[in-house]
Structure formats: C-alpha cells, structure tokens
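Chemist: Have a peek at model-v6.cif (mmCIF, C-alpha atoms).
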data_start
#
loop_
_atom_site.group_PDB
_atom_site.id
_atom_site.type_symbol
_atom_site.label_atom_id
_atom_site.label_comp_id
_atom_site.auth_asym_id
_atom_site.auth_seq_id
_atom_site.Cartn_x
_atom_site.Cartn_y
_atom_site.Cartn_z
ATOM 1 C CA MET A 1 39.431 -5.221 1.434
ATOM 2 C CA ASN A 2 35.782 -5.178 2.410
ATOM 3 C CA LEU A 3 34.935 -4.176 5.992
ATOM 4 C CA ARG A 4 33.068 -7.441 6.518
ATOM 5 C CA TYR A 5 36.119 -9.484 5.513
ATOM 6 C CA ARG A 6 38.289 -7.475 7.905
ATOM 7 C CA ALA A 7 35.811 -8.085 10.724
ATOM 8 C CA ILE A 8 35.805 -11.816 9.948
ATOM 9 C CA GLU A 9 39.616 -11.898 9.955
ATOM 10 C CA GLN A 10 39.758 -10.046 13.292
ATOM 11 C CA ALA A 11 37.215 -12.367 14.883
ATOM 12 C CA ALA A 12 39.082 -15.409 13.557
ATOM 13 C CA GLN A 13 42.338 -14.164 15.053
ATOM 14 C CA ALA A 14 40.680 -13.562 18.418
ATOM 15 C CA LEU A 15 39.255 -17.104 18.344
ATOM 16 C CA ASN A 16 42.498 -18.623 16.994
ATOM 17 C CA VAL A 17 40.651 -19.897 13.913
ATOM 18 C CA THR A 18 42.023 -20.085 10.389
ATOM 19 C CA VAL A 19 39.984 -18.466 7.626
ATOM 20 C CA GLU A 20 40.258 -19.423 3.987
ATOM 21 C CA SER A 21 38.459 -17.109 1.609
ATOM 22 C CA TYR A 22 37.473 -17.997 -1.922
ATOM 23 C CA ALA A 23 37.300 -15.404 -4.677
ATOM 24 C CA LEU A 24 33.838 -15.855 -6.172
ATOM 25 C CA ARG A 25 33.469 -13.644 -9.222
ATOM 26 C CA ASN A 26 31.167 -15.777 -11.378
ATOM 27 C CA PRO A 27 28.946 -18.855 -10.901
ATOM 28 C CA ASP A 28 31.657 -21.270 -12.090
ATOM 29 C CA ASP A 29 33.894 -20.198 -9.208
ATOM 30 C CA PHE A 30 31.546 -21.990 -6.790
ATOM 31 C CA ASP A 31 32.422 -25.363 -8.320
ATOM 32 C CA GLU A 32 36.129 -24.662 -7.832
ATOM 33 C CA ALA A 33 35.577 -23.549 -4.238
ATOM 34 C CA PHE A 34 33.442 -26.637 -3.515
ATOM 35 C CA ASN A 35 36.145 -28.911 -4.990
ATOM 36 C CA MET A 36 38.772 -27.270 -2.791
ATOM 37 C CA MET A 37 36.551 -27.708 0.272
ATOM 38 C CA ARG A 38 35.947 -31.362 -0.575
ATOM 39 C CA GLY A 39 39.702 -31.892 -0.546
ATOM 40 C CA ARG A 40 40.232 -30.074 2.722
ATOM 41 C CA ARG A 41 36.919 -30.178 4.550
ATOM 42 C CA PRO A 42 36.354 -26.995 6.566
ATOM 43 C CA ASP A 43 34.981 -27.054 10.113
ATOM 44 C CA GLY A 44 32.496 -24.389 9.088
ATOM 45 C CA LEU A 45 31.489 -22.038 6.332
ATOM 46 C CA PHE A 46 30.465 -18.382 6.424
ATOM 47 C CA LEU A 47 28.854 -16.952 3.305
ATOM 48 C CA VAL A 48 29.285 -13.213 2.822
ATOM 49 C CA THR A 49 26.223 -11.815 1.083
ATOM 50 C CA ASP A 50 26.415 -10.101 -2.288
ATOM 51 C CA ALA A 51 24.476 -10.394 -5.545
ATOM 52 C CA LEU A 52 26.480 -13.416 -6.758
ATOM 53 C CA THR A 53 26.257 -15.366 -3.500
ATOM 54 C CA ASN A 54 22.538 -14.567 -3.235
ATOM 55 C CA MET A 55 21.968 -16.005 -6.714
ATOM 56 C CA ASN A 56 23.922 -19.152 -5.779
ATOM 57 C CA GLN A 57 22.762 -19.469 -2.192
ATOM 58 C CA LYS A 58 20.853 -22.688 -2.849
ATOM 59 C CA ARG A 59 24.039 -24.330 -4.168
ATOM 60 C CA VAL A 60 25.879 -23.391 -0.978
ATOM 61 C CA ILE A 61 23.052 -24.698 1.216
ATOM 62 C CA GLU A 62 23.013 -27.977 -0.730
ATOM 63 C CA PHE A 63 26.817 -28.323 -0.538
ATOM 64 C CA SER A 64 26.723 -27.661 3.208
ATOM 65 C CA ALA A 65 24.012 -30.283 3.784
ATOM 66 C CA THR A 66 25.560 -32.915 1.503
ATOM 67 C CA HIS A 67 29.032 -32.552 3.000
ATOM 68 C CA ARG A 68 27.793 -31.887 6.546
ATOM 69 C CA VAL A 69 29.559 -28.558 6.865
ATOM 70 C CA PRO A 70 27.885 -26.157 9.314
ATOM 71 C CA ALA A 71 27.285 -22.874 7.505
ATOM 72 C CA MET A 72 26.383 -19.417 8.704
ATOM 73 C CA TYR A 73 24.854 -16.698 6.566
ATOM 74 C CA GLU A 74 24.320 -12.965 6.827
ATOM 75 C CA THR A 75 20.652 -13.121 5.890
ATOM 76 C CA SER A 76 17.737 -14.994 7.416
ATOM 77 C CA THR A 77 16.394 -15.880 3.968
ATOM 78 C CA ALA A 78 19.177 -18.466 3.688
ATOM 79 C CA VAL A 79 18.089 -20.065 6.965
ATOM 80 C CA ARG A 80 14.468 -20.201 5.866
ATOM 81 C CA SER A 81 15.748 -21.958 2.702
ATOM 82 C CA GLY A 82 17.553 -24.646 4.718
ATOM 83 C CA GLY A 83 20.731 -22.964 5.955
ATOM 84 C CA LEU A 84 21.842 -23.545 9.553
ATOM 85 C CA MET A 85 21.946 -20.038 10.994
ATOM 86 C CA SER A 86 22.281 -16.373 10.207
ATOM 87 C CA TYR A 87 23.354 -13.302 12.058
ATOM 88 C CA GLY A 88 22.847 -10.033 10.269
ATOM 89 C CA PRO A 89 20.613 -7.080 9.546
ATOM 90 C CA SER A 90 16.888 -7.699 9.564
ATOM 91 C CA PRO A 91 15.689 -7.561 5.930
ATOM 92 C CA GLN A 92 12.248 -6.377 7.056
ATOM 93 C CA ASP A 93 13.763 -3.525 9.059
ATOM 94 C CA MET A 94 15.976 -2.514 6.143
ATOM 95 C CA PHE A 95 12.988 -2.457 3.766
ATOM 96 C CA ARG A 96 11.001 -0.374 6.247
ATOM 97 C CA ARG A 97 13.879 2.081 6.552
ATOM 98 C CA ALA A 98 14.261 2.224 2.781
ATOM 99 C CA ALA A 99 10.576 3.147 2.531
ATOM 100 C CA SER A 100 11.202 6.176 4.739
ATOM 101 C CA TYR A 101 13.998 7.267 2.370
ATOM 102 C CA ILE A 102 11.647 6.928 -0.604
ATOM 103 C CA ASP A 103 9.002 8.908 1.264
ATOM 104 C CA ARG A 104 11.494 11.723 1.898
ATOM 105 C CA LEU A 105 12.560 11.724 -1.761
ATOM 106 C CA PHE A 106 8.938 12.003 -2.907
ATOM 107 C CA LYS A 107 8.520 14.921 -0.524
ATOM 108 C CA GLY A 108 11.387 16.765 -2.223
ATOM 109 C CA ALA A 109 14.516 15.772 -0.295
ATOM 110 C CA LYS A 110 17.696 15.689 -2.361
ATOM 111 C CA PRO A 111 19.423 12.277 -2.371
ATOM 112 C CA THR A 112 22.742 13.907 -1.473
ATOM 113 C CA GLU A 113 21.164 15.359 1.670
ATOM 114 C CA LEU A 114 19.969 12.016 3.028
ATOM 115 C CA PRO A 115 22.303 10.527 5.643
ATOM 116 C CA ALA A 116 23.941 7.135 5.216
ATOM 117 C CA GLU A 117 22.634 4.805 7.904
ATOM 118 C CA GLN A 118 23.878 1.580 9.399
ATOM 119 C CA PRO A 119 21.435 -1.240 10.128
ATOM 120 C CA THR A 120 20.095 -0.978 13.655
ATOM 121 C CA LYS A 121 18.265 -4.287 14.023
ATOM 122 C CA ILE A 122 20.512 -7.331 13.889
ATOM 123 C CA GLU A 123 18.871 -10.728 14.205
ATOM 124 C CA LEU A 124 19.961 -14.284 14.910
ATOM 125 C CA VAL A 125 17.936 -16.993 13.152
ATOM 126 C CA ILE A 126 18.550 -20.723 13.713
ATOM 127 C CA ASN A 127 17.192 -23.687 11.755
ATOM 128 C CA LEU A 128 16.913 -26.672 14.122
ATOM 129 C CA LYS A 129 15.875 -29.003 11.292
ATOM 130 C CA THR A 130 19.205 -28.320 9.593
ATOM 131 C CA ALA A 131 21.066 -28.677 12.908
ATOM 132 C CA LYS A 132 19.561 -32.167 13.314
ATOM 133 C CA VAL A 133 20.589 -33.139 9.766
ATOM 134 C CA LEU A 134 24.145 -31.997 10.583
ATOM 135 C CA ASP A 135 24.040 -33.833 13.949
ATOM 136 C CA LEU A 136 24.583 -30.596 15.852
ATOM 137 C CA ILE A 137 23.199 -29.698 19.241
ATOM 138 C CA VAL A 138 22.483 -25.990 19.478
ATOM 139 C CA PRO A 139 23.058 -24.747 23.041
ATOM 140 C CA ALA A 140 19.963 -23.525 24.853
ATOM 141 C CA THR A 141 21.709 -20.226 25.581
ATOM 142 C CA LEU A 142 22.087 -19.598 21.848
ATOM 143 C CA LEU A 143 18.472 -20.599 21.155
ATOM 144 C CA ALA A 144 17.339 -18.163 23.846
ATOM 145 C CA ARG A 145 19.087 -15.299 22.041
ATOM 146 C CA ALA A 146 17.577 -16.092 18.627
ATOM 147 C CA GLU A 147 14.866 -13.852 17.206
ATOM 148 C CA GLU A 148 13.548 -16.864 15.304
ATOM 149 C CA VAL A 149 14.037 -20.616 15.653
ATOM 150 C CA ILE A 150 12.840 -22.803 12.799
ATOM 151 C CA ASP A 151 11.713 -26.270 13.926
#
Would you write out, as structure tokens, the structure that this file holds?
Modeler:
Amino acid sequence: MNLRYRAIEQAAQALNVTVESYALRNPDDFDEAFNMMRGRRPDGLFLVTDALTNMNQKRVIEFSATHRVPAMYETSTAVRSGGLMSYGPSPQDMFRRAASYIDRLFKGAKPTELPAEQPTKIELVINLKTAKVLDLIVPATLLARAEEVID
C-alpha cells in the first residue's frame, strides 16, 4: 500500500473518520466511483495525485461542484482550476529542485550518486470562490495559514 494511503488511513483513524477508497486504474473507473458516491454521498473527497487522476482532475472538480462535495487535492493546480483546497508539495519548489539535479547531471554527476530528497516546501492553497459555491465558511485561522487564497 502506498505511503500516502497509509497516512490518510492513520489520520482518519485519529479523527474517527471513515475512508472509502476507489481503485482508479483507467478513465472509466471514475464514472463507477462517481456513481457510488452519488448513491452514498461522502462528506468530503481527497484526491491522491498520480498520472491518471491528473488527467481526470477536471472531472473530479466538476463532480465535486455539481454534487456539492468538498474536495481536497495534493496539488495547487487543482485549486487554481476550481478545486476547494490543496495541501501538498509546492510544484514550483519541486521544479526548482529538479533543475539543480539536472545541473549536477550535466556537470558529470552519476544519477546513482544523487540523493533521494523529500519535498521541503509544503503549501496550503484555498479557493474562496469554490467555498462560496459549496456554501462553506473557511475559518480565518485556516485562511491565515494559507500560502495562497484565491478570491
């Protein structure tokens, strides 16, 4: 099981929240997951980022808005596209760090000698326009912690 899923499960247990995960292996799986969620509306949705979910992110954002399900994402790009909020690594910081790896490779470093690194800049981004559509009031304390608030 993926480390992110384990972390989500642990957080859910600590908060006494039930998590239902959906196996999304191809684009058609989203329709099945959406149908299941229509039948048993969730209190919230958390989208784990991978290539498939990135390609179908707009569908998730539209489902969330249409069915008024608050959704959280791992990347700020989803929030800038209409998602409610994200908490995850800064894409800009990751690209900057990747550039330093490329620089070291061009200078002769062997890929096997480069250390694996964890993201160091984690950012919270909140879309207040989406919060209004969902009839949510975002606490001022949460807004104060956000790196970016979209009005």
Chemist: For the atom pair atom CA of A:Glu74 and atom CA of A:Leu45, what is the interatomic distance in Å to one decimal place?
Modeler: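 Going from atom CA of A:Glu74 over to atom CA of A:Leu45 covers 11.6 Å.
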Chemist: A:Ser64: which residues within 10 Å, counting all atoms listed in the file, same-chain residues fewer than 5 positions away excluded, as a list in words?
Modeler: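 In the requested format, the answer is Phe34, Gly44, Leu45, Lys58, Arg59, Val69, Pro70, Ala71, Met72, Gly82, Gly83, Leu84, Thr130 and Leu134 of chain A.
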Chemist: Ranking A:Phe63, A:Phe95, A:Phe30, A:Tyr5 by minimum distance to A:Pro42 and counting only C-alpha atoms, which one comes first?
Modeler: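 The shortest atom-to-atom distance to A:Pro42 comes from A:Phe63.
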Chemist: Identify which of the residues A:Ala116, A:Leu3, A:Ile61, A:Leu47 lies closest to A:Arg97, counting all atoms listed in the file when measuring atom-to-atom distances.
Modeler: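 Looking only at the distances to A:Arg97, the closest residue turns out to be A:Ala116.
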Chemist: Under the rule that all atoms listed in the file are counted, which of A:Thr49, A:Gln92, A:Pro115, A:Ala109 is the nearest residue to A:Tyr73?
Modeler: A:Thr49
Chemist: Can you measure atom CA of A:Met94 to atom CA of A:Ser76 for me? One decimal in Å is fine.
Modeler: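 The value is 12.7 Å.
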Chemist: Out of A:Ala14, A:Ala65, A:Met85, A:Ala51, which residue has the shortest atom-to-atom distance to A:Val133 when counting all atoms listed in the file?
Modeler: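 Counting all atoms listed in the file, the residue closest to A:Val133 is A:Ala65.
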Chemist: What is the distance, in Å and to one decimal place, between atom CA of A:Ser90 and atom CA of A:Leu24?
Modeler: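 Going from atom CA of A:Ser90 over to atom CA of A:Leu24 covers 24.5 Å.
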Chemist: Pick out the residues sitting within 6 Å of A:Ala146, and hand them over as a list of chain:residue names; count all atoms listed in the file, and ignore anything fewer than 3 positions along from it in its own chain.
Modeler: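 Surrounding residues, per the criterion: A:Leu124, A:Val125, A:Leu143.
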Chemist: For A:Arg80, which of A:Asp29, A:Glu113, A:Glu148, A:Asp50 is the closest residue, counting all atoms listed in the file?
Modeler: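 Selected residue with least distance to A:Arg80: A:Glu148.
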Chemist: Which residues are near A:Ala98? Cut-off 12 Å, only C-alpha atoms, ignore same chain within fewer than 4 positions. Put them as a compact mmCIF listing (two decimals) with C-alpha atoms, in the coordinates of the input.
Modeler:
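As a result, around-v9.txt now contains:
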# COMPACT_ATOMS: atom_id res chain seq x y z
CA PRO A 91 15.69 -7.56 5.93
CA GLN A 92 12.25 -6.38 7.06
CA ASP A 93 13.76 -3.52 9.06
CA MET A 94 15.98 -2.51 6.14
CA ILE A 102 11.65 6.93 -0.60
CA ASP A 103 9.00 8.91 1.26
CA ARG A 104 11.49 11.72 1.90
CA LEU A 105 12.56 11.72 -1.76
CA LEU A 114 19.97 12.02 3.03
CA PRO A 115 22.30 10.53 5.64
CA ALA A 116 23.94 7.14 5.22
CA GLU A 117 22.63 4.80 7.90
CA GLN A 118 23.88 1.58 9.40
CA PRO A 119 21.44 -1.24 10.13
Chemist: Between A:Thr53, A:Thr77, A:Thr120, A:Tyr87, which residue has the minimum interatomic distance to A:Asp28, considering only C-alpha atoms?
Modeler: A:Thr53
Chemist: Please write as a ChimeraX atom specification the full residue list that the PyMOL selection byres ((chain A and resi 38) around 12) yields on this file.
Modeler: /A:31-37,39-43,63-64,66-69
Chemist: Generate N, CA and C atoms for stretch 110-133 of chain A and emit them as a PDB file, keeping the file's coordinate frame.
Modeler:
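File produced: part08.pdb:
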ATOM      1  N   LYS A 110      16.659  16.001  -1.381  1.00  0.00           N
ATOM      2  CA  LYS A 110      17.696  15.689  -2.361  1.00  0.00           C
ATOM      3  C   LYS A 110      18.459  14.452  -1.884  1.00  0.00           C
ATOM      4  N   PRO A 111      18.709  13.507  -2.776  1.00  0.00           N
ATOM      5  CA  PRO A 111      19.423  12.277  -2.371  1.00  0.00           C
ATOM      6  C   PRO A 111      20.748  12.562  -1.660  1.00  0.00           C
ATOM      7  N   THR A 112      21.451  13.599  -2.092  1.00  0.00           N
ATOM      8  CA  THR A 112      22.742  13.907  -1.473  1.00  0.00           C
ATOM      9  C   THR A 112      22.594  14.435  -0.047  1.00  0.00           C
ATOM     10  N   GLU A 113      21.392  14.840   0.326  1.00  0.00           N
ATOM     11  CA  GLU A 113      21.164  15.359   1.670  1.00  0.00           C
ATOM     12  C   GLU A 113      20.708  14.283   2.658  1.00  0.00           C
ATOM     13  N   LEU A 114      20.411  13.095   2.143  1.00  0.00           N
ATOM     14  CA  LEU A 114      19.969  12.016   3.028  1.00  0.00           C
ATOM     15  C   LEU A 114      21.190  11.356   3.675  1.00  0.00           C
ATOM     16  N   PRO A 115      21.147  11.118   4.964  1.00  0.00           N
ATOM     17  CA  PRO A 115      22.303  10.527   5.643  1.00  0.00           C
ATOM     18  C   PRO A 115      22.448   9.038   5.325  1.00  0.00           C
ATOM     19  N   ALA A 116      23.688   8.578   5.321  1.00  0.00           N
ATOM     20  CA  ALA A 116      23.941   7.135   5.216  1.00  0.00           C
ATOM     21  C   ALA A 116      23.658   6.546   6.596  1.00  0.00           C
ATOM     22  N   GLU A 117      22.993   5.413   6.624  1.00  0.00           N
ATOM     23  CA  GLU A 117      22.634   4.805   7.904  1.00  0.00           C
ATOM     24  C   GLU A 117      23.121   3.364   7.959  1.00  0.00           C
ATOM     25  N   GLN A 118      23.514   2.965   9.142  1.00  0.00           N
ATOM     26  CA  GLN A 118      23.878   1.580   9.399  1.00  0.00           C
ATOM     27  C   GLN A 118      22.631   0.836   9.856  1.00  0.00           C
ATOM     28  N   PRO A 119      22.567  -0.472   9.599  1.00  0.00           N
ATOM     29  CA  PRO A 119      21.435  -1.240  10.128  1.00  0.00           C
ATOM     30  C   PRO A 119      21.407  -1.133  11.651  1.00  0.00           C
ATOM     31  N   THR A 120      20.217  -1.086  12.209  1.00  0.00           N
ATOM     32  CA  THR A 120      20.095  -0.978  13.655  1.00  0.00           C
ATOM     33  C   THR A 120      19.503  -2.231  14.289  1.00  0.00           C
ATOM     34  N   LYS A 121      18.846  -3.058  13.483  1.00  0.00           N
ATOM     35  CA  LYS A 121      18.265  -4.287  14.023  1.00  0.00           C
ATOM     36  C   LYS A 121      19.016  -5.477  13.429  1.00  0.00           C
ATOM     37  N   ILE A 122      19.759  -6.145  14.288  1.00  0.00           N
ATOM     38  CA  ILE A 122      20.512  -7.331  13.889  1.00  0.00           C
ATOM     39  C   ILE A 122      19.798  -8.527  14.502  1.00  0.00           C
ATOM     40  N   GLU A 123      19.619  -9.585  13.695  1.00  0.00           N
ATOM     41  CA  GLU A 123      18.871 -10.728  14.205  1.00  0.00           C
ATOM     42  C   GLU A 123      19.629 -12.033  14.013  1.00  0.00           C
ATOM     43  N   LEU A 124      19.427 -12.928  14.959  1.00  0.00           N
ATOM     44  CA  LEU A 124      19.961 -14.284  14.910  1.00  0.00           C
ATOM     45  C   LEU A 124      18.803 -15.216  14.592  1.00  0.00           C
ATOM     46  N   VAL A 125      18.968 -16.028  13.546  1.00  0.00           N
ATOM     47  CA  VAL A 125      17.936 -16.993  13.152  1.00  0.00           C
ATOM     48  C   VAL A 125      18.604 -18.358  13.069  1.00  0.00           C
ATOM     49  N   ILE A 126      17.982 -19.371  13.654  1.00  0.00           N
ATOM     50  CA  ILE A 126      18.550 -20.723  13.713  1.00  0.00           C
ATOM     51  C   ILE A 126      17.544 -21.716  13.159  1.00  0.00           C
ATOM     52  N   ASN A 127      18.027 -22.645  12.333  1.00  0.00           N
ATOM     53  CA  ASN A 127      17.192 -23.687  11.755  1.00  0.00           C
ATOM     54  C   ASN A 127      17.531 -25.003  12.459  1.00  0.00           C
ATOM     55  N   LEU A 128      16.659 -25.443  13.379  1.00  0.00           N
ATOM     56  CA  LEU A 128      16.913 -26.672  14.122  1.00  0.00           C
ATOM     57  C   LEU A 128      16.793 -27.924  13.253  1.00  0.00           C
ATOM     58  N   LYS A 129      15.964 -27.856  12.209  1.00  0.00           N
ATOM     59  CA  LYS A 129      15.875 -29.003  11.292  1.00  0.00           C
ATOM     60  C   LYS A 129      17.229 -29.262  10.647  1.00  0.00           C
ATOM     61  N   THR A 130      17.886 -28.188  10.217  1.00  0.00           N
ATOM     62  CA  THR A 130      19.205 -28.320   9.593  1.00  0.00           C
ATOM     63  C   THR A 130      20.231 -28.767  10.623  1.00  0.00           C
ATOM     64  N   ALA A 131      20.139 -28.254  11.850  1.00  0.00           N
ATOM     65  CA  ALA A 131      21.066 -28.677  12.908  1.00  0.00           C
ATOM     66  C   ALA A 131      20.965 -30.188  13.138  1.00  0.00           C
ATOM     67  N   LYS A 132      19.753 -30.723  13.129  1.00  0.00           N
ATOM     68  CA  LYS A 132      19.561 -32.167  13.314  1.00  0.00           C
ATOM     69  C   LYS A 132      20.190 -32.947  12.175  1.00  0.00           C
ATOM     70  N   VAL A 133      19.996 -32.472  10.936  1.00  0.00           N
ATOM     71  CA  VAL A 133      20.589 -33.139   9.766  1.00  0.00           C
ATOM     72  C   VAL A 133      22.119 -33.172   9.885  1.00  0.00           C
TER      73      VAL A 133
END
